[in-house]
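Trainee: Please see the structure below; I have some questions.
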Amino acid sequence: MTFTRFLRAAAVTVAATTFLGLTAHTATAQPPAFDFSDCPAIPAGADPAKWRCEVLVSTGTVRLGTLAELPTGSMRLTFAEGELDGKYAQVFGALRSEPVRVPGGLLGIPEAEANPLLRMDIQLRYGGFSDFYSDGDRMGTQHLKLGVVSPLVPKKCTIGSDADPIVFRPIRTAGPDVISTNPQVLRFTISDSAFAVPGPHDCGAFDRLLSKRLGVPARAGTNAMTLTTYVGLRGYA
């Protein structure tokens with residue numbers, strides 16, 4: 001099932017339950033503001049009427065290596081999905097996320113946070129591959145990496161890389177809840193606790209320090225990420 005079909009199925013379910021007088025999964029939460037500026041161009045020859053841009057705004061928690069659980073910060077993932085040559089297709093747009101401060105900084109001690117040079121943030125980034133085809137509660141696959149943001153660390157330093165990514169295969173654990181029908185906004189929760197975390201890449205002299213500080217590489221089953229996601233939609237026609 002494509003991600004679009006998942007969303008359509010949710011909408012059909014709501015319509016059917018309303019028609020039959022049954023209770024649908026609805027919610028009154030205020031949806032986030034959706035920014036569609038990262039919507040990608042659709043493939044040449046594609047019918048715009050059969051495509052739409054989808055923006056996923058997520059917040060949650062992440063536990064990696066030996067780090068204590070941290071908030072993810074707000075993330076915005078954008079992609080397009082539709083029909084091409086009679087088949088479903090998708091085009092990745094962008095993944096943007098807020099950096100998250102790591103308590104204890106580079107050295108893992110409270111004093112390090114008082115020194116701007118020793119502070120450290122991590123930031124979820126796109127790892128070069130995404131597939132939003134879903135199968136039941138399995139919500140596709142995304143390759144991720146973690147940017148390490150600190151004044152002393154090389155700017156290209158990441159945990160994982162495009163060639164050796166964090167492979168996130170989330171499972172839907174709650175929802176979908178219909179937040180709004182006009183415009184259509186859905187909400188669901190996803191989680192994955194089975195992924196491995198690779199070691200540092202392009203971190204120069206900080207490779208060894210970061211491996212020890214973050215407890216990476218970390219084997220599958222010792223890490224976890226849970227996200228609550230709001231989905232906003234916009235057509236191309």
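Order determines the names: the first chain of the structure tokens is A, the second B, and so forth; residues in each chain are numbered 1 upward, and ligands are numbered 1 upward as they are shown.
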Report the residues of segment 138-231 of chain A whose backbone DSSP state falls under helix (DSSP H, G or I), written as a PyMOL selection string.
Mentor: chain A and resi 204-214
Trainee: Skipping near chain neighbours, those fewer than 6 positions away, what residues fall within 8 Å of Tyr236 of chain A using only C-alpha atoms, listed as a count of residues only?
Mentor: 6
Trainee: Per DSSP on the backbone, filter chain A down to the residues in strand (DSSP E) and report them as number ranges by chain.
Mentor: A: 51-63, 70-71, 75-84, 87-97, 100-101, 121-131, 141-149, 158-159, 166-168, 171-181, 184-192, 200-201, 224-235
Trainee: Using atom CA of Phe79 of chain A and atom CA of Asp38 of chain A as the two end points, give the distance in Å to one decimal.
Mentor: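 Result for atom CA of Phe79 of chain A versus atom CA of Asp38 of chain A: 8.0 Å, one decimal.
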Trainee: Could you check which of A:Ala89, A:Ala41, A:Val55, A:Val231 is closest to Ser180 of chain A, using only C-alpha atoms?
Mentor: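 The answer is A:Val231, which sits nearest to Ser180 of chain A.
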Trainee: Between A:Asp202, A:Asp35, A:Asp137, A:Asp85, which one has atoms that come closest to Pro170 of chain A, using only C-alpha atoms?
Mentor: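 Checking each of A:Asp202, A:Asp35, A:Asp137, A:Asp85 against Pro170 of chain A, counting only C-alpha atoms, the winner is A:Asp137.
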Trainee: Neighbours of segment 182-199 of chain A within 6 Å (only C-alpha atoms; same-chain residues fewer than 4 positions away dropped), as JSON, numbers by chain?
Mentor: {"A": [159, 160, 166, 170, 171, 172, 173, 174, 175, 176, 177, 178, 216, 217, 218, 219, 220, 221, 223, 224, 225, 226, 227, 228, 229, 230, 231, 232]}
Trainee: Could you give me, as JSON, numbers by chain, the residues within 6 Å of Pro165 of chain A, counting only C-alpha atoms and dropping anything in the same chain fewer than 4 positions from it?
Mentor: {"A": [127, 143, 144, 145, 160, 161]}
Trainee: Keeping only C-alpha atoms, take the residues you just selected and write them out as a PDB file, in the first residue's frame.
Mentor:
ATOM      1  CA  GLY A 127      20.533   9.774   4.532  1.00  0.00           C
ATOM      2  CA  HIS A 143      17.676   6.397   5.681  1.00  0.00           C
ATOM      3  CA  LEU A 144      18.897   8.917   8.242  1.00  0.00           C
ATOM      4  CA  LYS A 145      22.092  10.258   9.714  1.00  0.00           C
ATOM      5  CA  GLY A 160      26.039   7.443   9.990  1.00  0.00           C
ATOM      6  CA  SER A 161      26.317   8.515   6.359  1.00  0.00           C
TER       7      SER A 161
END
Trainee: May I have the residues within 6 Å of Leu77 of chain A as a PyMOL selection string, using only C-alpha atoms and disregarding those fewer than 2 positions away in the same chain?
Mentor: chain A and resi 55-56+94-95
Trainee: Could you tell me which of A:Thr66, A:Thr78, A:Thr61, A:Thr141 comes closest to Cys39 of chain A if we count only C-alpha atoms?
Mentor: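 Looking at the shortest contact to Cys39 of chain A, the residue is A:Thr78.
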Trainee: Got a sec: who's within 10 Å of Gly204 of chain A, counting only C-alpha atoms, leaving out chain neighbours fewer than 2 positions off, as a PDB file with N, CA and C atoms, in the first residue's frame?
Mentor:
ATOM      1  N   VAL A 153      34.070  20.625  16.048  1.00  0.00           N
ATOM      2  CA  VAL A 153      33.911  19.428  15.223  1.00  0.00           C
ATOM      3  C   VAL A 153      33.755  19.832  13.752  1.00  0.00           C
ATOM      4  N   PRO A 154      34.346  19.071  12.812  1.00  0.00           N
ATOM      5  CA  PRO A 154      34.165  19.405  11.390  1.00  0.00           C
ATOM      6  C   PRO A 154      32.694  19.501  11.005  1.00  0.00           C
ATOM      7  N   LYS A 156      31.139  18.650   8.406  1.00  0.00           N
ATOM      8  CA  LYS A 156      30.601  17.478   7.719  1.00  0.00           C
ATOM      9  C   LYS A 156      30.453  16.274   8.638  1.00  0.00           C
ATOM     10  N   CYS A 157      30.793  16.409   9.894  1.00  0.00           N
ATOM     11  CA  CYS A 157      30.764  15.291  10.839  1.00  0.00           C
ATOM     12  C   CYS A 157      29.334  14.794  11.055  1.00  0.00           C
ATOM     13  N   PRO A 200      30.887   7.331  13.792  1.00  0.00           N
ATOM     14  CA  PRO A 200      31.111   8.660  13.213  1.00  0.00           C
ATOM     15  C   PRO A 200      31.688   8.589  11.803  1.00  0.00           C
ATOM     16  N   HIS A 201      31.341   9.599  11.005  1.00  0.00           N
ATOM     17  CA  HIS A 201      31.870   9.735   9.646  1.00  0.00           C
ATOM     18  C   HIS A 201      32.302  11.180   9.430  1.00  0.00           C
ATOM     19  N   ASP A 202      33.459  11.353   8.825  1.00  0.00           N
ATOM     20  CA  ASP A 202      33.991  12.679   8.492  1.00  0.00           C
ATOM     21  C   ASP A 202      34.141  13.572   9.719  1.00  0.00           C
ATOM     22  N   PHE A 206      37.979  13.719  15.898  1.00  0.00           N
ATOM     23  CA  PHE A 206      36.939  13.522  16.919  1.00  0.00           C
ATOM     24  C   PHE A 206      36.240  12.169  16.789  1.00  0.00           C
ATOM     25  N   ASP A 207      36.636  11.345  15.831  1.00  0.00           N
ATOM     26  CA  ASP A 207      35.994  10.039  15.654  1.00  0.00           C
ATOM     27  C   ASP A 207      35.970   9.234  16.948  1.00  0.00           C
ATOM     28  N   ARG A 208      37.116   9.079  17.552  1.00  0.00           N
ATOM     29  CA  ARG A 208      37.231   8.234  18.745  1.00  0.00           C
ATOM     30  C   ARG A 208      36.472   8.835  19.919  1.00  0.00           C
TER      31      ARG A 208
END
Trainee: Can you work out which one of A:Pro32, A:Pro43, A:Gly93, A:Cys203 has the shortest atom-to-atom distance to Lys155 of chain A, counting only C-alpha atoms?
Mentor: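 Checking each of A:Pro32, A:Pro43, A:Gly93, A:Cys203 against Lys155 of chain A, counting only C-alpha atoms, the winner is A:Cys203.
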Trainee: Determine, counting only C-alpha atoms, which protein, DNA and RNA residues have an atom within 8 Å of an atom of segment 106-123 of chain A; residues of the same chain fewer than 6 positions away are not included. Present the result as an MDAnalysis selection string.
Mentor: chainID A and resid 97:100 146:152 210 213
Trainee: Which is closer to Pro31 of chain A than all the others in A:Ala46, A:Ala68, A:Val57, A:Ala237, using only C-alpha atoms?
Mentor: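 Closest to Pro31 of chain A, using only C-alpha atoms: A:Val57.
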Trainee: So what do you get for atom CA of Met139 of chain A versus atom CA of Phe168 of chain A, distance-wise?
Mentor: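 Atom CA of Phe168 of chain A lies at a distance of 9.7 Å from atom CA of Met139 of chain A.
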Trainee: For each of A:Tyr126, A:Leu84, A:Ser74, A:Ser134, take the minimum atom-to-atom distance to Ala44 of chain A, counting only C-alpha atoms, then give the residue where this is smallest.
Mentor: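 For Ala44 of chain A, the nearest of the given residues is A:Leu84.
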